[in-house]
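A.B. asks: Enclosed is the structure file coords_0.pdb (PDB, C-alpha atoms, pLDDT in the B column).
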ATOM      1  CA  MET P 258       0.000   0.000   0.000  1.00 94.00           C
ATOM      2  CA  LEU P 259       2.996   2.293   0.434  1.00 98.00           C
ATOM      3  CA  ASP P 260       3.753   2.152  -3.290  1.00 98.00           C
ATOM      4  CA  PHE P 261       0.110   2.965  -4.035  1.00 98.00           C
ATOM      5  CA  ALA P 262       0.197   5.962  -1.683  1.00 99.00           C
ATOM      6  CA  ILE P 263       3.455   7.206  -3.204  1.00 99.00           C
ATOM      7  CA  GLN P 264       2.174   7.013  -6.763  1.00 98.00           C
ATOM      8  CA  THR P 265      -1.162   8.588  -5.866  1.00 99.00           C
ATOM      9  CA  ALA P 266       0.515  11.472  -4.027  1.00 99.00           C
ATOM     10  CA  ARG P 267       2.872  11.972  -6.959  1.00 99.00           C
ATOM     11  CA  ASP P 268      -0.018  12.131  -9.445  1.00 98.00           C
ATOM     12  CA  ALA P 269      -1.977  14.562  -7.254  1.00 98.00           C
ATOM     13  CA  GLY P 270       1.152  16.668  -6.814  1.00 98.00           C
ATOM     14  CA  ARG P 271       1.694  16.779 -10.561  1.00 98.00           C
ATOM     15  CA  LEU P 272      -1.852  18.106 -10.968  1.00 97.00           C
ATOM     16  CA  LEU P 273      -1.162  20.825  -8.388  1.00 97.00           C
ATOM     17  CA  ALA P 274       2.150  21.786  -9.979  1.00 97.00           C
ATOM     18  CA  GLU P 275       0.587  22.089 -13.419  1.00 95.00           C
ATOM     19  CA  ARG P 276      -1.981  24.574 -12.089  1.00 92.00           C
ATOM     20  CA  PHE P 277       0.389  26.437  -9.780  1.00 94.00           C
ATOM     21  CA  GLY P 278       0.791  30.117 -10.599  1.00 85.00           C
ATOM     22  CA  ARG P 279      -2.281  30.244 -12.814  1.00 81.00           C
ATOM     23  CA  LYS P 280      -5.448  32.193 -12.091  1.00 72.00           C
ATOM     24  CA  ILE P 281      -7.601  29.826 -10.026  1.00 69.00           C
ATOM     25  CA  GLU P 282     -10.983  29.975  -8.350  1.00 63.00           C
ATOM     26  CA  ILE P 283     -10.698  30.560  -4.597  1.00 66.00           C
ATOM     27  CA  SER P 284     -13.409  30.188  -1.945  1.00 62.00           C
ATOM     28  CA  ASN P 285     -13.397  30.864   1.788  1.00 59.00           C
ATOM     29  CA  LYS P 286     -14.170  28.157   4.335  1.00 56.00           C
ATOM     30  CA  SER P 287     -13.789  30.826   7.009  1.00 51.00           C
ATOM     31  CA  GLU P 288     -12.545  34.396   7.170  1.00 51.00           C
ATOM     32  CA  ILE P 289      -8.935  33.347   6.458  1.00 48.00           C
ATOM     33  CA  ASP P 290      -9.164  29.597   5.665  1.00 53.00           C
ATOM     34  CA  LEU P 291      -9.167  29.143   1.879  1.00 69.00           C
ATOM     35  CA  VAL P 292     -10.055  26.351  -0.519  1.00 77.00           C
ATOM     36  CA  THR P 293      -9.141  26.416  -4.195  1.00 84.00           C
ATOM     37  CA  GLU P 294     -10.344  24.483  -7.203  1.00 90.00           C
ATOM     38  CA  SER P 295      -6.962  22.749  -7.096  1.00 92.00           C
ATOM     39  CA  ASP P 296      -7.686  21.420  -3.565  1.00 92.00           C
ATOM     40  CA  LEU P 297     -10.888  19.918  -4.874  1.00 92.00           C
ATOM     41  CA  ALA P 298      -9.362  18.485  -8.058  1.00 94.00           C
ATOM     42  CA  SER P 299      -6.499  16.890  -6.117  1.00 96.00           C
ATOM     43  CA  GLU P 300      -8.905  15.417  -3.590  1.00 96.00           C
ATOM     44  CA  ARG P 301     -11.125  13.975  -6.336  1.00 96.00           C
ATOM     45  CA  LEU P 302      -8.110  12.330  -7.964  1.00 98.00           C
ATOM     46  CA  ILE P 303      -7.001  10.728  -4.690  1.00 98.00           C
ATOM     47  CA  ILE P 304     -10.470   9.593  -3.623  1.00 97.00           C
ATOM     48  CA  ASP P 305     -11.301   8.164  -7.051  1.00 97.00           C
ATOM     49  CA  ARG P 306      -8.039   6.240  -7.027  1.00 98.00           C
ATOM     50  CA  ILE P 307      -8.693   4.804  -3.558  1.00 97.00           C
ATOM     51  CA  LYS P 308     -12.256   3.829  -4.435  1.00 96.00           C
ATOM     52  CA  THR P 309     -10.998   2.048  -7.552  1.00 97.00           C
ATOM     53  CA  TYR P 310      -8.223   0.038  -5.881  1.00 96.00           C
ATOM     54  CA  TYR P 311      -9.526  -0.225  -2.295  1.00 96.00           C
ATOM     55  CA  PRO P 312     -13.321   0.035  -2.493  1.00 94.00           C
ATOM     56  CA  ARG P 313     -13.820  -1.406   1.006  1.00 94.00           C
ATOM     57  CA  HIS P 314     -11.627   1.184   2.677  1.00 96.00           C
ATOM     58  CA  SER P 315     -12.997   4.319   4.314  1.00 96.00           C
ATOM     59  CA  ILE P 316     -11.681   7.822   3.706  1.00 96.00           C
ATOM     60  CA  LEU P 317     -11.297  10.990   5.766  1.00 96.00           C
ATOM     61  CA  ALA P 318     -10.484  13.953   3.520  1.00 92.00           C
ATOM     62  CA  GLU P 319     -10.075  17.611   4.410  1.00 82.00           C
ATOM     63  CA  GLU P 320     -12.610  19.013   1.966  1.00 78.00           C
ATOM     64  CA  SER P 321     -15.253  16.262   1.680  1.00 75.00           C
ATOM     65  CA  GLY P 322     -15.079  14.727   5.163  1.00 76.00           C
ATOM     66  CA  ALA P 323     -15.666  11.046   5.918  1.00 79.00           C
ATOM     67  CA  SER P 324     -16.847   8.556   3.327  1.00 73.00           C
ATOM     68  CA  GLY P 325     -16.696   4.918   2.377  1.00 68.00           C
ATOM     69  CA  PRO P 326     -17.950   1.607   3.809  1.00 66.00           C
ATOM     70  CA  GLY P 327     -17.191   0.670   7.383  1.00 60.00           C
ATOM     71  CA  ASN P 328     -16.532   4.284   8.288  1.00 56.00           C
ATOM     72  CA  HIS P 329     -16.896   3.916  12.052  1.00 51.00           C
ATOM     73  CA  GLY P 330     -14.859   6.769  13.383  1.00 53.00           C
ATOM     74  CA  ALA P 331     -11.189   6.425  14.193  1.00 51.00           C
ATOM     75  CA  GLN P 332     -11.431   2.637  14.518  1.00 51.00           C
ATOM     76  CA  ALA P 333     -12.442   1.869  10.916  1.00 64.00           C
ATOM     77  CA  ASP P 334     -10.476  -1.198   9.767  1.00 91.00           C
ATOM     78  CA  TRP P 335      -8.671   0.674   6.990  1.00 96.00           C
ATOM     79  CA  ARG P 336      -8.936   4.417   6.672  1.00 97.00           C
ATOM     80  CA  TRP P 337      -7.131   6.812   4.340  1.00 98.00           C
ATOM     81  CA  ILE P 338      -6.551  10.293   5.800  1.00 98.00           C
ATOM     82  CA  ILE P 339      -5.986  12.876   3.085  1.00 98.00           C
ATOM     83  CA  ASP P 340      -4.905  16.468   2.783  1.00 97.00           C
ATOM     84  CA  PRO P 341      -4.986  17.044  -0.979  1.00 97.00           C
ATOM     85  CA  LEU P 342      -3.247  20.424  -0.711  1.00 97.00           C
ATOM     86  CA  ASP P 343      -1.587  21.347   2.550  1.00 96.00           C
ATOM     87  CA  GLY P 344      -0.526  24.973   2.320  1.00 95.00           C
ATOM     88  CA  THR P 345      -3.522  26.277   0.388  1.00 93.00           C
ATOM     89  CA  THR P 346      -2.893  29.917   1.317  1.00 91.00           C
ATOM     90  CA  ASN P 347       0.695  29.621   0.070  1.00 94.00           C
ATOM     91  CA  TYR P 348      -0.550  28.015  -3.131  1.00 94.00           C
ATOM     92  CA  ALA P 349      -3.154  30.709  -3.739  1.00 92.00           C
ATOM     93  CA  HIS P 350      -0.514  33.421  -3.346  1.00 92.00           C
ATOM     94  CA  GLY P 351       2.032  31.749  -5.605  1.00 94.00           C
ATOM     95  CA  TYR P 352       4.355  30.892  -2.697  1.00 96.00           C
ATOM     96  CA  PRO P 353       5.952  27.503  -3.536  1.00 97.00           C
ATOM     97  CA  CYS P 354       5.569  25.779  -0.175  1.00 97.00           C
ATOM     98  CA  PHE P 355       2.781  23.190  -0.237  1.00 98.00           C
ATOM     99  CA  CYS P 356       2.351  19.437  -0.416  1.00 98.00           C
ATOM    100  CA  VAL P 357       0.063  16.426  -0.714  1.00 98.00           C
ATOM    101  CA  SER P 358      -0.341  14.347   2.446  1.00 98.00           C
ATOM    102  CA  ILE P 359      -1.750  10.805   2.529  1.00 99.00           C
ATOM    103  CA  GLY P 360      -1.898   8.576   5.603  1.00 98.00           C
ATOM    104  CA  LEU P 361      -3.379   5.112   6.098  1.00 98.00           C
ATOM    105  CA  THR P 362      -4.566   3.654   9.400  1.00 97.00           C
ATOM    106  CA  GLN P 363      -5.627   0.160  10.361  1.00 96.00           C
ATOM    107  CA  LYS P 364      -7.968   0.100  13.353  1.00 94.00           C
ATOM    108  CA  GLY P 365      -6.794   3.572  14.288  1.00 93.00           C
ATOM    109  CA  ARG P 366      -3.050   2.876  14.068  1.00 96.00           C
ATOM    110  CA  LEU P 367      -1.030   4.598  11.362  1.00 97.00           C
ATOM    111  CA  GLU P 368       0.580   2.140   8.975  1.00 98.00           C
ATOM    112  CA  VAL P 369       1.581   4.242   5.938  1.00 99.00           C
ATOM    113  CA  GLY P 370       2.362   7.922   5.475  1.00 99.00           C
ATOM    114  CA  VAL P 371       3.561   9.956   2.493  1.00 99.00           C
ATOM    115  CA  VAL P 372       4.127  13.693   2.089  1.00 99.00           C
ATOM    116  CA  TYR P 373       4.963  14.915  -1.399  1.00 99.00           C
ATOM    117  CA  ASP P 374       6.340  18.330  -2.350  1.00 99.00           C
ATOM    118  CA  PRO P 375       5.770  18.606  -6.111  1.00 98.00           C
ATOM    119  CA  ILE P 376       7.774  21.804  -6.546  1.00 98.00           C
ATOM    120  CA  ARG P 377      10.977  20.261  -5.189  1.00 98.00           C
ATOM    121  CA  ASP P 378       9.993  16.731  -6.262  1.00 98.00           C
ATOM    122  CA  GLU P 379      10.588  15.438  -2.743  1.00 99.00           C
ATOM    123  CA  MET P 380       8.713  12.348  -1.580  1.00 99.00           C
ATOM    124  CA  PHE P 381       8.834  11.698   2.156  1.00 99.00           C
ATOM    125  CA  ALA P 382       7.494   8.239   2.948  1.00 99.00           C
ATOM    126  CA  ALA P 383       7.184   5.743   5.775  1.00 99.00           C
ATOM    127  CA  GLU P 384       5.680   2.346   6.510  1.00 98.00           C
ATOM    128  CA  ARG P 385       5.347   1.126  10.070  1.00 98.00           C
ATOM    129  CA  GLY P 386       8.418  -0.799  11.124  1.00 97.00           C
ATOM    130  CA  GLN P 387      10.288  -0.065   7.891  1.00 98.00           C
ATOM    131  CA  GLY P 388      11.849   3.335   8.583  1.00 98.00           C
ATOM    132  CA  ALA P 389      11.379   6.626   6.763  1.00 99.00           C
ATOM    133  CA  SER P 390      12.790   7.837   3.475  1.00 99.00           C
ATOM    134  CA  LEU P 391      13.181  10.866   1.233  1.00 99.00           C
ATOM    135  CA  ASN P 392      13.170   9.938  -2.454  1.00 98.00           C
ATOM    136  CA  GLY P 393      14.122   6.407  -1.465  1.00 97.00           C
ATOM    137  CA  ARG P 394      17.020   7.334   0.834  1.00 98.00           C
ATOM    138  CA  ARG P 395      16.786   6.685   4.578  1.00 98.00           C
ATOM    139  CA  ILE P 396      16.251   9.754   6.781  1.00 99.00           C
ATOM    140  CA  SER P 397      16.463  10.371  10.509  1.00 98.00           C
ATOM    141  CA  VAL P 398      15.566  13.159  12.890  1.00 98.00           C
ATOM    142  CA  SER P 399      18.068  15.697  14.189  1.00 97.00           C
ATOM    143  CA  ARG P 400      20.255  14.832  17.170  1.00 95.00           C
ATOM    144  CA  THR P 401      20.136  18.393  18.491  1.00 94.00           C
ATOM    145  CA  MET P 402      19.313  18.226  22.185  1.00 92.00           C
ATOM    146  CA  ASN P 403      19.684  21.848  23.294  1.00 94.00           C
ATOM    147  CA  LEU P 404      16.876  24.278  22.567  1.00 92.00           C
ATOM    148  CA  SER P 405      19.404  27.092  22.181  1.00 94.00           C
ATOM    149  CA  ALA P 406      20.885  25.261  19.182  1.00 96.00           C
ATOM    150  CA  ALA P 407      17.560  24.210  17.659  1.00 96.00           C
ATOM    151  CA  LEU P 408      15.815  25.458  14.515  1.00 96.00           C
ATOM    152  CA  LEU P 409      12.090  25.083  15.167  1.00 94.00           C
ATOM    153  CA  CYS P 410       8.995  25.458  13.031  1.00 93.00           C
ATOM    154  CA  THR P 411       5.408  26.304  13.870  1.00 90.00           C
ATOM    155  CA  GLY P 412       2.071  27.379  12.438  1.00 84.00           C
ATOM    156  CA  PHE P 413      -0.391  30.100  13.377  1.00 78.00           C
ATOM    157  CA  PRO P 414      -4.023  29.465  14.415  1.00 66.00           C
ATOM    158  CA  TYR P 415      -6.717  30.245  11.850  1.00 66.00           C
ATOM    159  CA  ASP P 416      -8.925  31.647  14.596  1.00 63.00           C
ATOM    160  CA  VAL P 417      -7.662  35.174  15.283  1.00 63.00           C
ATOM    161  CA  ARG P 418      -9.090  34.942  18.829  1.00 64.00           C
ATOM    162  CA  GLU P 419      -6.456  32.291  19.631  1.00 62.00           C
ATOM    163  CA  ARG P 420      -3.503  34.291  18.364  1.00 66.00           C
ATOM    164  CA  THR P 421      -2.867  36.324  21.509  1.00 69.00           C
ATOM    165  CA  GLU P 422      -2.179  33.188  23.536  1.00 70.00           C
ATOM    166  CA  PHE P 423      -0.192  31.701  20.675  1.00 70.00           C
ATOM    167  CA  ALA P 424       1.920  34.858  20.464  1.00 74.00           C
ATOM    168  CA  ARG P 425       2.972  34.326  24.081  1.00 74.00           C
ATOM    169  CA  HIS P 426       4.202  30.794  23.329  1.00 73.00           C
ATOM    170  CA  PHE P 427       5.853  31.989  20.129  1.00 77.00           C
ATOM    171  CA  SER P 428       7.696  34.719  22.008  1.00 80.00           C
ATOM    172  CA  ASN P 429       9.034  32.198  24.532  1.00 79.00           C
ATOM    173  CA  PHE P 430      10.308  29.853  21.838  1.00 80.00           C
ATOM    174  CA  ILE P 431      11.830  32.528  19.646  1.00 82.00           C
ATOM    175  CA  MET P 432      13.796  33.846  22.615  1.00 86.00           C
ATOM    176  CA  ALA P 433      15.009  30.373  23.628  1.00 86.00           C
ATOM    177  CA  ALA P 434      15.713  28.710  20.250  1.00 91.00           C
ATOM    178  CA  GLN P 435      18.348  29.450  17.651  1.00 93.00           C
ATOM    179  CA  GLY P 436      15.567  30.210  15.179  1.00 92.00           C
ATOM    180  CA  VAL P 437      11.881  29.692  14.413  1.00 90.00           C
ATOM    181  CA  ARG P 438      10.315  29.328  10.960  1.00 92.00           C
ATOM    182  CA  ARG P 439       6.682  29.474   9.844  1.00 91.00           C
ATOM    183  CA  ASP P 440       6.119  28.095   6.334  1.00 93.00           C
ATOM    184  CA  GLY P 441       2.358  27.452   6.427  1.00 92.00           C
ATOM    185  CA  ALA P 442       2.229  23.723   5.566  1.00 96.00           C
ATOM    186  CA  ALA P 443       2.164  21.550   8.695  1.00 96.00           C
ATOM    187  CA  ALA P 444       2.586  18.214   6.896  1.00 97.00           C
ATOM    188  CA  LEU P 445       5.695  19.497   5.144  1.00 98.00           C
ATOM    189  CA  ASP P 446       7.019  20.930   8.411  1.00 97.00           C
ATOM    190  CA  LEU P 447       6.678  17.479   9.985  1.00 98.00           C
ATOM    191  CA  ALA P 448       8.446  15.871   7.043  1.00 98.00           C
ATOM    192  CA  TYR P 449      11.289  18.360   7.451  1.00 98.00           C
ATOM    193  CA  VAL P 450      11.562  17.396  11.122  1.00 98.00           C
ATOM    194  CA  ALA P 451      11.800  13.745  10.071  1.00 98.00           C
ATOM    195  CA  ALA P 452      14.611  14.620   7.663  1.00 98.00           C
ATOM    196  CA  GLY P 453      16.521  16.587  10.300  1.00 98.00           C
ATOM    197  CA  ARG P 454      16.044  19.937   8.576  1.00 98.00           C
ATOM    198  CA  PHE P 455      14.071  21.243  11.535  1.00 97.00           C
ATOM    199  CA  ASP P 456      14.809  20.161  15.081  1.00 97.00           C
ATOM    200  CA  GLY P 457      11.231  20.425  16.309  1.00 94.00           C
ATOM    201  CA  PHE P 458       7.686  21.512  15.519  1.00 93.00           C
ATOM    202  CA  TRP P 459       4.728  22.757  17.523  1.00 85.00           C
ATOM    203  CA  GLU P 460       1.279  23.944  16.559  1.00 85.00           C
ATOM    204  CA  GLU P 461      -2.122  23.843  18.225  1.00 80.00           C
ATOM    205  CA  GLY P 462      -5.521  23.029  16.762  1.00 80.00           C
ATOM    206  CA  LEU P 463      -4.361  20.749  13.964  1.00 89.00           C
ATOM    207  CA  LYS P 464      -6.689  18.259  12.270  1.00 90.00           C
ATOM    208  CA  PRO P 465      -6.041  14.562  11.537  1.00 94.00           C
ATOM    209  CA  TRP P 466      -5.229  15.251   7.877  1.00 95.00           C
ATOM    210  CA  ASP P 467      -2.612  17.803   8.924  1.00 94.00           C
ATOM    211  CA  VAL P 468      -0.569  15.356  10.976  1.00 96.00           C
ATOM    212  CA  ALA P 469      -1.417  11.745  10.076  1.00 96.00           C
ATOM    213  CA  ALA P 470       1.253  11.105   7.459  1.00 98.00           C
ATOM    214  CA  GLY P 471       3.877  13.399   8.937  1.00 98.00           C
ATOM    215  CA  SER P 472       3.644  11.970  12.434  1.00 97.00           C
ATOM    216  CA  LEU P 473       4.313   8.432  11.183  1.00 98.00           C
ATOM    217  CA  ILE P 474       7.245   9.645   9.089  1.00 98.00           C
ATOM    218  CA  ILE P 475       8.744  11.288  12.181  1.00 98.00           C
ATOM    219  CA  GLU P 476       8.164   8.170  14.277  1.00 98.00           C
ATOM    220  CA  GLU P 477       9.833   5.956  11.685  1.00 98.00           C
ATOM    221  CA  ALA P 478      12.704   8.462  11.431  1.00 98.00           C
ATOM    222  CA  GLY P 479      13.398   7.998  15.132  1.00 97.00           C
ATOM    223  CA  GLY P 480      11.460  10.935  16.546  1.00 95.00           C
ATOM    224  CA  GLY P 481       8.464  11.402  18.766  1.00 85.00           C
ATOM    225  CA  GLY P 482       5.896  13.942  19.850  1.00 71.00           C
ATOM    226  CA  GLY P 483       3.113  14.714  22.180  1.00 58.00           C
TER     227      GLY P 483
END
Will you turn the file into structure tokens for me?
C.D. replies:
Amino acid sequence: MLDFAIQTARDAGRLLAERFGRKIEISNKSEIDLVTESDLASERLIIDRIKTYYPRHSILAEESGASGPGNHGAQADWRWIIDPLDGTTNYAHGYPCFCVSIGLTQKGRLEVGVVYDPIRDEMFAAERGQGASLNGRRISVSRTMNLSAALLCTGFPYDVRERTEFARHFSNFIMAAQGVRRDGAAALDLAYVAAGRFDGFWEEGLKPWDVAAGSLIIEEAGGGGG
């Protein structure tokens, strides 16, 4: 199933890359949370592919929600968790930091995770018990132990009412760490942690499709989280 996830993410990423930088239709899910026609096209491609090859599996997708047979919450036997375009705001503004994220759980436990960056053609992938890779080469998390030497990454809450409290945490980290980055694509941030590019990541209020694939990739790269 890992090979299937890799190929599906690559095909969805190719679709996104082909449309990137063009004039696209943009809608608002909330005041600052966007969805583009590319989100929807990528999600359709992924869901159609899953339904063709794994018709008995359930699906949880960012834009269309839960679907499929046996879709009994987090404990569905096999469930695909999809973010068809993580970093939609970046994408809509022509900023080349976005990805496709696909995770697969069995009875609630992550078994497969892939995060694909189509602009850099970087495929981060993991299968439980088999380690993590970037374009087929083994990766591992950073060995940095001191916060003062760490390059961290984070994301900002969509709800502006939560930003005051977040700003307090952000201020603490930026004073203690060597540096903090905010790139606006949580799944890609997690993949970068797995590859040792970032030393750590924190963000509140994330959804399952934001973290499913990336968290397994970090785990298989020797990292952890809470």
A.B. asks: From the options P:Ala469, P:Ile263, P:Val437, P:Leu404, which residue's atoms come nearest to Gly365 (chain P), counting only C-alpha atoms?
C.D. replies: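 Closest residue, counting only C-alpha atoms: P:Ala469.
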A.B. asks: Could you tell me which residues the PyMOL selection byres ((chain P and resi 267) around 9) grabs in this file, written as a JSON list (two decimals) with C-alpha atoms, in the coordinates of the input?
C.D. replies:
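Contents of the output file selection.json:
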[["chain", "number", "residue", "atom", "x", "y", "z"],
["P", 262, "ALA", "CA", 0.20, 5.96, -1.68],
["P", 263, "ILE", "CA", 3.46, 7.21, -3.20],
["P", 264, "GLN", "CA", 2.17, 7.01, -6.76],
["P", 265, "THR", "CA", -1.16, 8.59, -5.87],
["P", 266, "ALA", "CA", 0.52, 11.47, -4.03],
["P", 268, "ASP", "CA", -0.02, 12.13, -9.44],
["P", 269, "ALA", "CA", -1.98, 14.56, -7.25],
["P", 270, "GLY", "CA", 1.15, 16.67, -6.81],
["P", 271, "ARG", "CA", 1.69, 16.78, -10.56],
["P", 272, "LEU", "CA", -1.85, 18.11, -10.97],
["P", 357, "VAL", "CA", 0.06, 16.43, -0.71],
["P", 373, "TYR", "CA", 4.96, 14.92, -1.40],
["P", 374, "ASP", "CA", 6.34, 18.33, -2.35],
["P", 375, "PRO", "CA", 5.77, 18.61, -6.11],
["P", 378, "ASP", "CA", 9.99, 16.73, -6.26],
["P", 380, "MET", "CA", 8.71, 12.35, -1.58]]
A.B. asks: Would you write out, as a count of residues only, every residue that the PyMOL selection byres ((chain P and resi 449-452) around 7) captures in this file?
C.D. replies: 15
A.B. asks: Between CA of Val468 (chain P) and CA of Gly393 (chain P), what is the distance in Å, rounded to a tenth?
C.D. replies: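 Rounded to one decimal, the two atoms are 21.2 Å apart.
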A.B. asks: Please write the residues picked by the PyMOL selection byres ((chain P and resi 279) around 12) on this file as a ChimeraX atom specification.
C.D. replies: /P:273-278,280-283,293-295,348-351
A.B. asks: As a ChimeraX atom specification, please: the residues near Ala443 (chain P) (cut-off 12 Å, only C-alpha atoms, same-chain neighbours under 2 positions excluded).
C.D. replies: /P:340,342-345,347,354-358,372,410-414,438-441,445-450,457-472
A.B. asks: Could you tell me how far CA of Pro341 (chain P) sits from CA of Ile303 (chain P), in Å to one decimal place?
C.D. replies: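 CA of Pro341 (chain P) lies at a distance of 7.6 Å from CA of Ile303 (chain P).
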A.B. asks: Any idea what the distance is between CA of Glu300 (chain P) and CA of Ala444 (chain P)?
C.D. replies: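 Spanning CA of Glu300 (chain P) to CA of Ala444 (chain P) is a straight-line distance of 15.8 Å.
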A.B. asks: Quick one: of P:Pro312, P:Gly479, P:Phe261, P:Met432, who's nearest to Leu361 (chain P), counting only C-alpha atoms?
C.D. replies: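 Closest to Leu361 (chain P), using only C-alpha atoms: P:Phe261.
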A.B. asks: Out of P:Ala407, P:Ala442, P:Ala298, P:Ile359, which residue has the shortest atom-to-atom distance to Phe381 (chain P) when counting only C-alpha atoms?
C.D. replies: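 Smallest distance to Phe381 (chain P) is found for P:Ile359.
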